[in-house]
Amino acid sequence: YELDESLADLGWDALLQRADEIDFEDTYIRREVFALTADDEAGPALTGLADELVEAAYSPAEAVEWVMEARRRLGCHDLAMDEPAPAVTAVLARLSGIAALNEDAEDLIVAVPYANSGDLLVALHAQTDPEVRPFFLAAEPTQDLARLARRRMLVRGVQEYELDMADGQHLGVPRVIVCVLPYGAAEARSPLAVLQQVQDLTDLLTDHCAAVVLGPSDALVHALPPREEADRLRRSFLTEGLLKAAVNLPEGAIPYRPAYRTAIWVLCRTPKDERRGQI
């Protein structure tokens, strides 16, 4: 994407030099390219493969996404384990309403906690109006996944100044939050802890700002012991006018967790004088 020319024609030494020049701060791919120098055959073979993929896909972005779509078949399970099925990811992006937003880039901040390998970021970018360039604010503590997500956004034309990938969860004041809560085993999962995670996200919302959250259905939509702390907290999302919709999903929304039942919450902070008592 950055070179806009055949990688194989450059030669491996020239490619290393260009990678050093283009990614001198090692934000995207410098270390991955230089790690290949120990193998005399792997690097040149990959440059030829990259050229073929780009030519077949017509653009670097399409080539990268073709590889990402094949990751399960190729055995790259760690890149797909906690990602929802593509159809679910697309639904989350559409529910965010980002396609209808037309604020200036300075005002339109889209936050993605737990960015993982970047599926949700890519889906959100695909939903944005080409004339609108939002600022993406993401958080991903696993460095390799964060670098992959950065690369996927770079080949889509999202420059470094349009994406901030934090290693924690400091998300500023976003206009939209879209989030897939991290998976937790049922025997160790606490509905109260899940709801507190959602509460932390809604604390970032100012008036008319929205959040779309996918999480475990036992915390978001199933019955809870009445009048206990988790039940009171969940009710507060209704009484404070935050929760607008709850969608219970079937099993399989996250393919690697086939028995993990999930649900989607759509939330928006509505000023008190604009509430109508409807959900």
# chains A, B, ... in the order shown; residues from 1 in each chain; ligands from 1

call {"tool": "residues_around", "arguments": {"residues": "Met81 of chain A", "least_positions_apart": "4", "cutoff": "8 Å", "atoms": "only C-alpha atoms", "output": "VMD selection string"}}
result
chain A and resid 77 254 to 257

call {"tool": "select_by_dssp", "arguments": {"residues": "segment 41-270 of chain A", "states": "alpha helix (DSSP H)", "output": "PyMOL selection string"}}
result
chain A and resi 42-57+60-69+86-95+119-127+143-154+191-202+217-220+229-239

call {"tool": "closest_atom_pairs", "arguments": {"of": "segment 48-138 of chain A", "to": "segment 154-161 of chain A", "cutoff": "9 Å", "atoms": "only C-alpha atoms", "output": "Markdown table"}}
result
| residue | atom | partner | partner_atom | distance |
| --- | --- | --- | --- | --- |
| A:Ser59 | CA | A:Val155 | CA | 8.7 |
| A:Pro60 | CA | A:Val155 | CA | 6.1 |
| A:Ala61 | CA | A:Val155 | CA | 5.0 |
| A:Glu62 | CA | A:Arg156 | CA | 8.7 |
| A:Val64 | CA | A:Val155 | CA | 8.0 |
| A:Val122 | CA | A:Arg156 | CA | 8.3 |
| A:His125 | CA | A:Arg156 | CA | 8.3 |
| A:Arg133 | CA | A:Val158 | CA | 8.4 |
| A:Phe135 | CA | A:Tyr161 | CA | 8.1 |
| A:Phe136 | CA | A:Val158 | CA | 8.9 |

call {"tool": "write_last_selection", "arguments": {"atoms": "N, CA and C atoms", "output": "PDB file, in the first residue's frame"}}
result
ATOM      1  N   SER A  59      -6.769  -4.401  -5.047  1.00  0.00           N
ATOM      2  CA  SER A  59      -6.296  -3.383  -4.110  1.00  0.00           C
ATOM      3  C   SER A  59      -5.655  -4.065  -2.916  1.00  0.00           C
ATOM      4  N   PRO A  60      -4.714  -3.395  -2.236  1.00  0.00           N
ATOM      5  CA  PRO A  60      -4.101  -3.989  -1.043  1.00  0.00           C
ATOM      6  C   PRO A  60      -5.120  -4.303   0.042  1.00  0.00           C
ATOM      7  N   ALA A  61      -6.120  -3.424   0.226  1.00  0.00           N
ATOM      8  CA  ALA A  61      -7.117  -3.648   1.276  1.00  0.00           C
ATOM      9  C   ALA A  61      -7.894  -4.928   1.027  1.00  0.00           C
ATOM     10  N   GLU A  62      -8.315  -5.152  -0.209  1.00  0.00           N
ATOM     11  CA  GLU A  62      -9.058  -6.362  -0.525  1.00  0.00           C
ATOM     12  C   GLU A  62      -8.174  -7.597  -0.369  1.00  0.00           C
ATOM     13  N   VAL A  64      -5.667  -7.970   1.788  1.00  0.00           N
ATOM     14  CA  VAL A  64      -5.519  -8.226   3.226  1.00  0.00           C
ATOM     15  C   VAL A  64      -6.778  -8.887   3.770  1.00  0.00           C
ATOM     16  N   VAL A 122     -12.740  -2.589  10.926  1.00  0.00           N
ATOM     17  CA  VAL A 122     -12.902  -2.661   9.473  1.00  0.00           C
ATOM     18  C   VAL A 122     -14.373  -2.529   9.089  1.00  0.00           C
ATOM     19  N   HIS A 125     -15.446   1.091   9.512  1.00  0.00           N
ATOM     20  CA  HIS A 125     -14.908   1.935   8.445  1.00  0.00           C
ATOM     21  C   HIS A 125     -15.680   1.724   7.150  1.00  0.00           C
ATOM     22  N   ARG A 133     -14.458  11.467   7.485  1.00  0.00           N
ATOM     23  CA  ARG A 133     -13.291  10.734   7.980  1.00  0.00           C
ATOM     24  C   ARG A 133     -13.269  10.832   9.509  1.00  0.00           C
ATOM     25  N   PHE A 135     -12.458   9.901  13.494  1.00  0.00           N
ATOM     26  CA  PHE A 135     -11.266   9.501  14.242  1.00  0.00           C
ATOM     27  C   PHE A 135     -11.614   8.225  15.003  1.00  0.00           C
ATOM     28  N   PHE A 136     -10.840   7.171  14.762  1.00  0.00           N
ATOM     29  CA  PHE A 136     -11.078   5.894  15.421  1.00  0.00           C
ATOM     30  C   PHE A 136     -10.193   5.791  16.655  1.00  0.00           C
TER      31      PHE A 136
END

call {"tool": "closest_residue", "arguments": {"among": "A:Lys272, A:Arg94, A:Arg151, A:His222", "to": "Ala126 of chain A", "atoms": "only C-alpha atoms"}}
result
A:Arg94

call {"tool": "residues_around", "arguments": {"residues": "segment 21-29 of chain A", "least_positions_apart": "3", "cutoff": "9 Å", "atoms": "only C-alpha atoms", "output": "PyMOL selection string"}}
result
chain A and resi 2-3+16-18+32-34+147-148+150-151+154+160

call {"tool": "write_last_selection", "arguments": {"atoms": "N, CA, C and O atoms", "output": "short mmCIF file (atom, residue, chain, number, x, y, z; two decimals), in the first residue's frame"}}
result
data_model
loop_
_atom_site.label_atom_id
_atom_site.label_comp_id
_atom_site.auth_asym_id
_atom_site.auth_seq_id
_atom_site.Cartn_x
_atom_site.Cartn_y
_atom_site.Cartn_z
N GLU A 2 1.86 1.30 0.86
CA GLU A 2 2.70 2.48 0.97
C GLU A 2 3.66 2.63 -0.22
O GLU A 2 3.98 3.74 -0.64
N LEU A 3 4.12 1.51 -0.78
CA LEU A 3 5.09 1.58 -1.87
C LEU A 3 4.42 1.80 -3.21
O LEU A 3 4.99 2.44 -4.10
N LEU A 16 13.75 -4.11 2.65
CA LEU A 16 14.06 -3.86 4.05
C LEU A 16 14.36 -2.38 4.29
O LEU A 16 13.92 -1.80 5.29
N GLN A 17 15.10 -1.79 3.36
CA GLN A 17 15.42 -0.37 3.51
C GLN A 17 14.17 0.48 3.44
O GLN A 17 14.01 1.42 4.23
N ARG A 18 13.28 0.16 2.51
CA ARG A 18 12.04 0.94 2.39
C ARG A 18 11.15 0.77 3.62
O ARG A 18 10.52 1.72 4.07
N GLU A 32 8.10 -7.07 11.82
CA GLU A 32 7.68 -8.30 11.17
C GLU A 32 8.49 -8.55 9.90
O GLU A 32 8.87 -9.69 9.60
N VAL A 33 8.76 -7.49 9.14
CA VAL A 33 9.56 -7.65 7.91
C VAL A 33 10.99 -8.02 8.25
O VAL A 33 11.56 -8.95 7.66
N PHE A 34 11.58 -7.35 9.22
CA PHE A 34 12.97 -7.64 9.57
C PHE A 34 13.12 -9.00 10.23
O PHE A 34 14.20 -9.60 10.17
N ARG A 147 -1.18 -4.34 16.39
CA ARG A 147 -0.42 -4.02 15.18
C ARG A 147 -1.15 -4.51 13.93
O ARG A 147 -1.17 -3.84 12.91
N LEU A 148 -1.75 -5.69 14.03
CA LEU A 148 -2.51 -6.20 12.89
C LEU A 148 -3.70 -5.30 12.59
O LEU A 148 -3.98 -4.99 11.42
N ARG A 150 -3.98 -2.14 13.22
CA ARG A 150 -3.45 -0.91 12.60
C ARG A 150 -3.17 -1.12 11.11
O ARG A 150 -3.49 -0.26 10.28
N ARG A 151 -2.56 -2.25 10.77
CA ARG A 151 -2.24 -2.52 9.36
C ARG A 151 -3.50 -2.64 8.52
O ARG A 151 -3.56 -2.13 7.39
N LEU A 154 -4.70 0.81 7.93
CA LEU A 154 -3.81 1.59 7.06
C LEU A 154 -4.07 1.29 5.59
O LEU A 154 -4.14 2.21 4.77
N GLU A 160 -2.23 7.34 10.27
CA GLU A 160 -1.87 7.24 11.68
C GLU A 160 -2.56 8.30 12.53
O GLU A 160 -2.96 8.03 13.67
#

call {"tool": "residues_around", "arguments": {"residues": "Pro134 of chain A", "least_positions_apart": "5", "cutoff": "12 Å", "atoms": "only C-alpha atoms", "output": "PDB file with N, CA and C atoms, in the first residue's frame"}}
result
ATOM      1  N   ILE A  98     -23.386   4.701  12.280  1.00  0.00           N
ATOM      2  CA  ILE A  98     -22.274   5.526  11.810  1.00  0.00           C
ATOM      3  C   ILE A  98     -22.462   5.973  10.362  1.00  0.00           C
ATOM      4  N   ALA A  99     -23.191   5.183   9.565  1.00  0.00           N
ATOM      5  CA  ALA A  99     -23.390   5.540   8.162  1.00  0.00           C
ATOM      6  C   ALA A  99     -24.169   6.828   8.001  1.00  0.00           C
ATOM      7  N   LEU A 101     -24.044   9.405  10.179  1.00  0.00           N
ATOM      8  CA  LEU A 101     -23.399  10.530  10.854  1.00  0.00           C
ATOM      9  C   LEU A 101     -22.591  11.346   9.859  1.00  0.00           C
ATOM     10  N   ASN A 102     -22.673  12.656   9.978  1.00  0.00           N
ATOM     11  CA  ASN A 102     -21.955  13.518   9.040  1.00  0.00           C
ATOM     12  C   ASN A 102     -21.185  14.627   9.744  1.00  0.00           C
ATOM     13  N   GLU A 103     -20.865  14.427  11.031  1.00  0.00           N
ATOM     14  CA  GLU A 103     -20.060  15.426  11.728  1.00  0.00           C
ATOM     15  C   GLU A 103     -18.670  15.545  11.115  1.00  0.00           C
ATOM     16  N   ASP A 104     -18.045  16.672  11.365  1.00  0.00           N
ATOM     17  CA  ASP A 104     -16.652  16.824  10.958  1.00  0.00           C
ATOM     18  C   ASP A 104     -15.798  15.816  11.710  1.00  0.00           C
ATOM     19  N   ALA A 105     -14.672  15.476  11.118  1.00  0.00           N
ATOM     20  CA  ALA A 105     -13.791  14.474  11.724  1.00  0.00           C
ATOM     21  C   ALA A 105     -13.395  14.852  13.154  1.00  0.00           C
ATOM     22  N   GLU A 106     -13.254  16.148  13.420  1.00  0.00           N
ATOM     23  CA  GLU A 106     -12.858  16.568  14.754  1.00  0.00           C
ATOM     24  C   GLU A 106     -13.928  16.223  15.788  1.00  0.00           C
ATOM     25  N   ASP A 107     -15.181  16.138  15.355  1.00  0.00           N
ATOM     26  CA  ASP A 107     -16.276  15.879  16.275  1.00  0.00           C
ATOM     27  C   ASP A 107     -16.702  14.423  16.297  1.00  0.00           C
ATOM     28  N   LEU A 108     -16.361  13.661  15.283  1.00  0.00           N
ATOM     29  CA  LEU A 108     -16.827  12.291  15.174  1.00  0.00           C
ATOM     30  C   LEU A 108     -15.732  11.325  15.631  1.00  0.00           C
ATOM     31  N   ILE A 109     -15.846  10.893  16.874  1.00  0.00           N
ATOM     32  CA  ILE A 109     -14.907   9.933  17.445  1.00  0.00           C
ATOM     33  C   ILE A 109     -15.643   8.616  17.616  1.00  0.00           C
ATOM     34  N   VAL A 110     -15.098   7.565  17.019  1.00  0.00           N
ATOM     35  CA  VAL A 110     -15.684   6.231  17.099  1.00  0.00           C
ATOM     36  C   VAL A 110     -14.757   5.372  17.944  1.00  0.00           C
ATOM     37  N   ALA A 111     -15.262   4.854  19.058  1.00  0.00           N
ATOM     38  CA  ALA A 111     -14.434   4.090  19.992  1.00  0.00           C
ATOM     39  C   ALA A 111     -14.747   2.603  19.897  1.00  0.00           C
ATOM     40  N   LEU A 121     -13.347  -2.777  13.679  1.00  0.00           N
ATOM     41  CA  LEU A 121     -12.851  -1.524  13.107  1.00  0.00           C
ATOM     42  C   LEU A 121     -13.062  -1.492  11.597  1.00  0.00           C
ATOM     43  N   LEU A 124     -16.771  -1.043  10.761  1.00  0.00           N
ATOM     44  CA  LEU A 124     -17.217   0.331  10.993  1.00  0.00           C
ATOM     45  C   LEU A 124     -16.708   1.269   9.902  1.00  0.00           C
ATOM     46  N   HIS A 125     -15.446   1.091   9.512  1.00  0.00           N
ATOM     47  CA  HIS A 125     -14.908   1.935   8.445  1.00  0.00           C
ATOM     48  C   HIS A 125     -15.680   1.724   7.150  1.00  0.00           C
ATOM     49  N   ALA A 126     -16.077   0.488   6.883  1.00  0.00           N
ATOM     50  CA  ALA A 126     -16.832   0.197   5.665  1.00  0.00           C
ATOM     51  C   ALA A 126     -18.197   0.867   5.668  1.00  0.00           C
ATOM     52  N   GLN A 127     -18.706   1.187   6.865  1.00  0.00           N
ATOM     53  CA  GLN A 127     -20.023   1.819   6.973  1.00  0.00           C
ATOM     54  C   GLN A 127     -19.976   3.336   6.853  1.00  0.00           C
ATOM     55  N   THR A 128     -18.798   3.920   6.968  1.00  0.00           N
ATOM     56  CA  THR A 128     -18.720   5.381   6.991  1.00  0.00           C
ATOM     57  C   THR A 128     -18.863   5.977   5.598  1.00  0.00           C
ATOM     58  N   ASP A 129     -19.417   7.154   5.542  1.00  0.00           N
ATOM     59  CA  ASP A 129     -19.513   7.896   4.293  1.00  0.00           C
ATOM     60  C   ASP A 129     -18.097   8.245   3.827  1.00  0.00           C
ATOM     61  N   GLY A 157      -6.744   3.150   3.987  1.00  0.00           N
ATOM     62  CA  GLY A 157      -6.594   4.591   3.843  1.00  0.00           C
ATOM     63  C   GLY A 157      -6.719   5.367   5.132  1.00  0.00           C
ATOM     64  N   VAL A 158      -6.812   4.684   6.282  1.00  0.00           N
ATOM     65  CA  VAL A 158      -6.894   5.364   7.579  1.00  0.00           C
ATOM     66  C   VAL A 158      -5.473   5.635   8.055  1.00  0.00           C
ATOM     67  N   GLN A 159      -5.104   6.892   8.061  1.00  0.00           N
ATOM     68  CA  GLN A 159      -3.736   7.271   8.397  1.00  0.00           C
ATOM     69  C   GLN A 159      -3.504   7.243   9.902  1.00  0.00           C
ATOM     70  N   TYR A 161      -2.756   9.492  11.974  1.00  0.00           N
ATOM     71  CA  TYR A 161      -3.390  10.566  12.738  1.00  0.00           C
ATOM     72  C   TYR A 161      -4.908  10.407  12.823  1.00  0.00           C
ATOM     73  N   GLU A 162      -5.459   9.376  12.167  1.00  0.00           N
ATOM     74  CA  GLU A 162      -6.898   9.117  12.218  1.00  0.00           C
ATOM     75  C   GLU A 162      -7.242   7.901  13.065  1.00  0.00           C
ATOM     76  N   LEU A 163      -6.234   7.298  13.698  1.00  0.00           N
ATOM     77  CA  LEU A 163      -6.446   6.103  14.509  1.00  0.00           C
ATOM     78  C   LEU A 163      -5.502   6.128  15.692  1.00  0.00           C
ATOM     79  N   ASP A 164      -6.060   5.961  16.865  1.00  0.00           N
ATOM     80  CA  ASP A 164      -5.247   5.844  18.074  1.00  0.00           C
ATOM     81  C   ASP A 164      -5.536   4.476  18.685  1.00  0.00           C
ATOM     82  N   PRO A 174     -16.178   9.641  23.161  1.00  0.00           N
ATOM     83  CA  PRO A 174     -16.571   9.224  21.813  1.00  0.00           C
ATOM     84  C   PRO A 174     -18.003   9.611  21.477  1.00  0.00           C
ATOM     85  N   ARG A 175     -18.260   9.733  20.182  1.00  0.00           N
ATOM     86  CA  ARG A 175     -19.631   9.924  19.688  1.00  0.00           C
ATOM     87  C   ARG A 175     -20.352   8.594  19.619  1.00  0.00           C
ATOM     88  N   VAL A 176     -19.630   7.533  19.287  1.00  0.00           N
ATOM     89  CA  VAL A 176     -20.183   6.186  19.178  1.00  0.00           C
ATOM     90  C   VAL A 176     -19.195   5.204  19.795  1.00  0.00           C
TER      91      VAL A 176
END

call {"tool": "closest_residue", "arguments": {"among": "A:Arg152, A:Ala230, A:Ala166, A:Leu95", "to": "Leu267 of chain A", "atoms": "only C-alpha atoms"}}
result
A:Leu95

call {"tool": "select_by_dssp", "arguments": {"residues": "segment 109-255 of chain A", "states": "strand (DSSP E)", "output": "PDB file with N, CA and C atoms, in the first residue's frame"}}
result
ATOM      1  N   ILE A 109     -15.846  10.893  16.874  1.00  0.00           N
ATOM      2  CA  ILE A 109     -14.907   9.933  17.445  1.00  0.00           C
ATOM      3  C   ILE A 109     -15.643   8.616  17.616  1.00  0.00           C
ATOM      4  N   VAL A 110     -15.098   7.565  17.019  1.00  0.00           N
ATOM      5  CA  VAL A 110     -15.684   6.231  17.099  1.00  0.00           C
ATOM      6  C   VAL A 110     -14.757   5.372  17.944  1.00  0.00           C
ATOM      7  N   ALA A 111     -15.262   4.854  19.058  1.00  0.00           N
ATOM      8  CA  ALA A 111     -14.434   4.090  19.992  1.00  0.00           C
ATOM      9  C   ALA A 111     -14.747   2.603  19.897  1.00  0.00           C
ATOM     10  N   VAL A 112     -13.683   1.804  19.913  1.00  0.00           N
ATOM     11  CA  VAL A 112     -13.821   0.345  19.871  1.00  0.00           C
ATOM     12  C   VAL A 112     -12.946  -0.244  20.977  1.00  0.00           C
ATOM     13  N   PHE A 135     -12.458   9.901  13.494  1.00  0.00           N
ATOM     14  CA  PHE A 135     -11.266   9.501  14.242  1.00  0.00           C
ATOM     15  C   PHE A 135     -11.614   8.225  15.003  1.00  0.00           C
ATOM     16  N   PHE A 136     -10.840   7.171  14.762  1.00  0.00           N
ATOM     17  CA  PHE A 136     -11.078   5.894  15.421  1.00  0.00           C
ATOM     18  C   PHE A 136     -10.193   5.791  16.655  1.00  0.00           C
ATOM     19  N   LEU A 137     -10.830   5.515  17.770  1.00  0.00           N
ATOM     20  CA  LEU A 137     -10.126   5.402  19.043  1.00  0.00           C
ATOM     21  C   LEU A 137     -10.345   3.985  19.557  1.00  0.00           C
ATOM     22  N   ALA A 138      -9.304   3.172  19.535  1.00  0.00           N
ATOM     23  CA  ALA A 138      -9.441   1.757  19.869  1.00  0.00           C
ATOM     24  C   ALA A 138      -8.507   1.395  21.017  1.00  0.00           C
ATOM     25  N   ALA A 139      -8.816   0.271  21.645  1.00  0.00           N
ATOM     26  CA  ALA A 139      -7.977  -0.233  22.730  1.00  0.00           C
ATOM     27  C   ALA A 139      -7.784  -1.733  22.549  1.00  0.00           C
ATOM     28  N   LEU A 163      -6.234   7.298  13.698  1.00  0.00           N
ATOM     29  CA  LEU A 163      -6.446   6.103  14.509  1.00  0.00           C
ATOM     30  C   LEU A 163      -5.502   6.128  15.692  1.00  0.00           C
ATOM     31  N   ASP A 164      -6.060   5.961  16.865  1.00  0.00           N
ATOM     32  CA  ASP A 164      -5.247   5.844  18.074  1.00  0.00           C
ATOM     33  C   ASP A 164      -5.536   4.476  18.685  1.00  0.00           C
ATOM     34  N   MET A 165      -4.512   3.643  18.754  1.00  0.00           N
ATOM     35  CA  MET A 165      -4.658   2.306  19.313  1.00  0.00           C
ATOM     36  C   MET A 165      -3.978   2.279  20.674  1.00  0.00           C
ATOM     37  N   ALA A 166      -4.769   2.328  21.731  1.00  0.00           N
ATOM     38  CA  ALA A 166      -4.219   2.355  23.084  1.00  0.00           C
ATOM     39  C   ALA A 166      -4.028   0.935  23.594  1.00  0.00           C
ATOM     40  N   VAL A 176     -19.630   7.533  19.287  1.00  0.00           N
ATOM     41  CA  VAL A 176     -20.183   6.186  19.178  1.00  0.00           C
ATOM     42  C   VAL A 176     -19.195   5.204  19.795  1.00  0.00           C
ATOM     43  N   ILE A 177     -19.703   4.255  20.566  1.00  0.00           N
ATOM     44  CA  ILE A 177     -18.911   3.150  21.088  1.00  0.00           C
ATOM     45  C   ILE A 177     -19.500   1.857  20.542  1.00  0.00           C
ATOM     46  N   VAL A 178     -18.659   1.007  19.995  1.00  0.00           N
ATOM     47  CA  VAL A 178     -19.099  -0.318  19.559  1.00  0.00           C
ATOM     48  C   VAL A 178     -18.148  -1.324  20.193  1.00  0.00           C
ATOM     49  N   CYS A 179     -18.712  -2.308  20.870  1.00  0.00           N
ATOM     50  CA  CYS A 179     -17.871  -3.141  21.729  1.00  0.00           C
ATOM     51  C   CYS A 179     -18.348  -4.582  21.751  1.00  0.00           C
ATOM     52  N   VAL A 180     -17.402  -5.505  21.657  1.00  0.00           N
ATOM     53  CA  VAL A 180     -17.635  -6.924  21.943  1.00  0.00           C
ATOM     54  C   VAL A 180     -16.913  -7.223  23.252  1.00  0.00           C
ATOM     55  N   ALA A 210     -24.084   7.251  21.526  1.00  0.00           N
ATOM     56  CA  ALA A 210     -24.637   5.899  21.572  1.00  0.00           C
ATOM     57  C   ALA A 210     -23.560   4.850  21.772  1.00  0.00           C
ATOM     58  N   ALA A 211     -24.005   3.684  22.218  1.00  0.00           N
ATOM     59  CA  ALA A 211     -23.124   2.534  22.371  1.00  0.00           C
ATOM     60  C   ALA A 211     -23.867   1.282  21.924  1.00  0.00           C
ATOM     61  N   VAL A 212     -23.137   0.406  21.238  1.00  0.00           N
ATOM     62  CA  VAL A 212     -23.663  -0.905  20.852  1.00  0.00           C
ATOM     63  C   VAL A 212     -22.727  -1.928  21.469  1.00  0.00           C
ATOM     64  N   VAL A 213     -23.281  -2.812  22.294  1.00  0.00           N
ATOM     65  CA  VAL A 213     -22.457  -3.745  23.069  1.00  0.00           C
ATOM     66  C   VAL A 213     -22.959  -5.164  22.854  1.00  0.00           C
ATOM     67  N   LEU A 214     -22.045  -6.068  22.531  1.00  0.00           N
ATOM     68  CA  LEU A 214     -22.354  -7.493  22.492  1.00  0.00           C
ATOM     69  C   LEU A 214     -21.704  -8.150  23.701  1.00  0.00           C
ATOM     70  N   GLY A 215     -22.514  -8.889  24.455  1.00  0.00           N
ATOM     71  CA  GLY A 215     -21.993  -9.538  25.651  1.00  0.00           C
ATOM     72  C   GLY A 215     -22.794 -10.782  25.972  1.00  0.00           C
ATOM     73  N   PRO A 216     -22.501 -11.432  27.092  1.00  0.00           N
ATOM     74  CA  PRO A 216     -23.190 -12.680  27.456  1.00  0.00           C
ATOM     75  C   PRO A 216     -24.659 -12.448  27.764  1.00  0.00           C
ATOM     76  N   LEU A 243     -30.945   2.335  28.006  1.00  0.00           N
ATOM     77  CA  LEU A 243     -31.148   1.152  27.169  1.00  0.00           C
ATOM     78  C   LEU A 243     -32.299   1.377  26.190  1.00  0.00           C
ATOM     79  N   LYS A 244     -32.012   1.243  24.896  1.00  0.00           N
ATOM     80  CA  LYS A 244     -33.016   1.454  23.855  1.00  0.00           C
ATOM     81  C   LYS A 244     -33.496   0.146  23.241  1.00  0.00           C
ATOM     82  N   ALA A 245     -32.624  -0.869  23.165  1.00  0.00           N
ATOM     83  CA  ALA A 245     -33.015  -2.142  22.569  1.00  0.00           C
ATOM     84  C   ALA A 245     -32.132  -3.243  23.121  1.00  0.00           C
ATOM     85  N   ALA A 246     -32.709  -4.432  23.245  1.00  0.00           N
ATOM     86  CA  ALA A 246     -31.976  -5.621  23.651  1.00  0.00           C
ATOM     87  C   ALA A 246     -32.341  -6.740  22.692  1.00  0.00           C
ATOM     88  N   VAL A 247     -31.326  -7.387  22.120  1.00  0.00           N
ATOM     89  CA  VAL A 247     -31.538  -8.436  21.118  1.00  0.00           C
ATOM     90  C   VAL A 247     -30.840  -9.704  21.592  1.00  0.00           C
ATOM     91  N   ASN A 248     -31.599 -10.743  21.834  1.00  0.00           N
ATOM     92  CA  ASN A 248     -31.038 -12.018  22.256  1.00  0.00           C
ATOM     93  C   ASN A 248     -30.646 -12.816  21.014  1.00  0.00           C
TER      94      ASN A 248
END

call {"tool": "residues_around", "arguments": {"residues": "segment 183-193 of chain A", "least_positions_apart": "6", "cutoff": "9 Å", "atoms": "only C-alpha atoms", "output": "ChimeraX atom specification"}}
result
/A:82,215-216,218-220,224,229-231,233-234,257,260

call {"tool": "write_last_selection", "arguments": {"atoms": "N, CA and C atoms", "output": "PDB file, in the first residue's frame"}}
result
ATOM      1  N   ASP A  82     -11.865 -14.924  19.294  1.00  0.00           N
ATOM      2  CA  ASP A  82     -12.814 -14.083  20.019  1.00  0.00           C
ATOM      3  C   ASP A  82     -13.528 -13.083  19.120  1.00  0.00           C
ATOM      4  N   GLY A 215     -22.514  -8.889  24.455  1.00  0.00           N
ATOM      5  CA  GLY A 215     -21.993  -9.538  25.651  1.00  0.00           C
ATOM      6  C   GLY A 215     -22.794 -10.782  25.972  1.00  0.00           C
ATOM      7  N   PRO A 216     -22.501 -11.432  27.092  1.00  0.00           N
ATOM      8  CA  PRO A 216     -23.190 -12.680  27.456  1.00  0.00           C
ATOM      9  C   PRO A 216     -24.659 -12.448  27.764  1.00  0.00           C
ATOM     10  N   ASP A 218     -26.642 -14.165  29.568  1.00  0.00           N
ATOM     11  CA  ASP A 218     -27.080 -14.418  30.942  1.00  0.00           C
ATOM     12  C   ASP A 218     -27.018 -13.152  31.792  1.00  0.00           C
ATOM     13  N   ALA A 219     -26.184 -12.195  31.412  1.00  0.00           N
ATOM     14  CA  ALA A 219     -26.114 -10.933  32.134  1.00  0.00           C
ATOM     15  C   ALA A 219     -27.025  -9.867  31.522  1.00  0.00           C
ATOM     16  N   LEU A 220     -27.172  -9.899  30.192  1.00  0.00           N
ATOM     17  CA  LEU A 220     -27.869  -8.798  29.512  1.00  0.00           C
ATOM     18  C   LEU A 220     -29.368  -9.022  29.373  1.00  0.00           C
ATOM     19  N   LEU A 224     -32.349 -12.497  36.348  1.00  0.00           N
ATOM     20  CA  LEU A 224     -31.356 -12.386  37.411  1.00  0.00           C
ATOM     21  C   LEU A 224     -32.064 -12.508  38.756  1.00  0.00           C
ATOM     22  N   GLU A 229     -27.663  -7.038  43.636  1.00  0.00           N
ATOM     23  CA  GLU A 229     -26.938  -5.889  43.067  1.00  0.00           C
ATOM     24  C   GLU A 229     -26.949  -5.908  41.538  1.00  0.00           C
ATOM     25  N   ALA A 230     -26.774  -7.093  40.927  1.00  0.00           N
ATOM     26  CA  ALA A 230     -26.769  -7.166  39.469  1.00  0.00           C
ATOM     27  C   ALA A 230     -28.129  -6.773  38.907  1.00  0.00           C
ATOM     28  N   ASP A 231     -29.195  -7.230  39.539  1.00  0.00           N
ATOM     29  CA  ASP A 231     -30.545  -6.896  39.080  1.00  0.00           C
ATOM     30  C   ASP A 231     -30.798  -5.398  39.198  1.00  0.00           C
ATOM     31  N   LEU A 233     -28.572  -3.007  39.183  1.00  0.00           N
ATOM     32  CA  LEU A 233     -27.757  -2.291  38.209  1.00  0.00           C
ATOM     33  C   LEU A 233     -28.377  -2.385  36.822  1.00  0.00           C
ATOM     34  N   ARG A 234     -28.849  -3.580  36.444  1.00  0.00           N
ATOM     35  CA  ARG A 234     -29.441  -3.717  35.110  1.00  0.00           C
ATOM     36  C   ARG A 234     -30.705  -2.871  34.975  1.00  0.00           C
ATOM     37  N   ARG A 257     -16.836 -20.207  20.030  1.00  0.00           N
ATOM     38  CA  ARG A 257     -17.508 -20.448  21.312  1.00  0.00           C
ATOM     39  C   ARG A 257     -18.949 -20.869  21.006  1.00  0.00           C
ATOM     40  N   TYR A 260     -21.737 -20.451  23.584  1.00  0.00           N
ATOM     41  CA  TYR A 260     -21.751 -19.156  24.267  1.00  0.00           C
ATOM     42  C   TYR A 260     -22.911 -18.329  23.726  1.00  0.00           C
TER      43      TYR A 260
END

call {"tool": "atom_distance", "arguments": {"atom1": "atom CA of Ala80 of chain A", "atom2": "atom CA of Val54 of chain A"}}
result
22.5 Å

call {"tool": "residues_around", "arguments": {"residues": "Asp51 of chain A", "least_positions_apart": "5", "cutoff": "9 Å", "atoms": "only C-alpha atoms", "output": "list of chain:residue names"}}
result
A:Glu5, A:Ser6, A:Leu7, A:Ala8, A:Leu46, A:Ala56

call {"tool": "atom_distance", "arguments": {"atom1": "atom CA of Thr89 of chain A", "atom2": "atom CA of Glu65 of chain A"}}
result
14.2 Å

call {"tool": "closest_residue", "arguments": {"among": "A:Thr262, A:Gln143, A:Ser117, A:Gln196", "to": "Ser236 of chain A", "atoms": "only C-alpha atoms"}}
result
A:Gln196

call {"tool": "closest_residue", "arguments": {"among": "A:Leu145, A:Met68, A:Pro225, A:Trp12", "to": "Ala42 of chain A", "atoms": "only C-alpha atoms"}}
result
A:Trp12
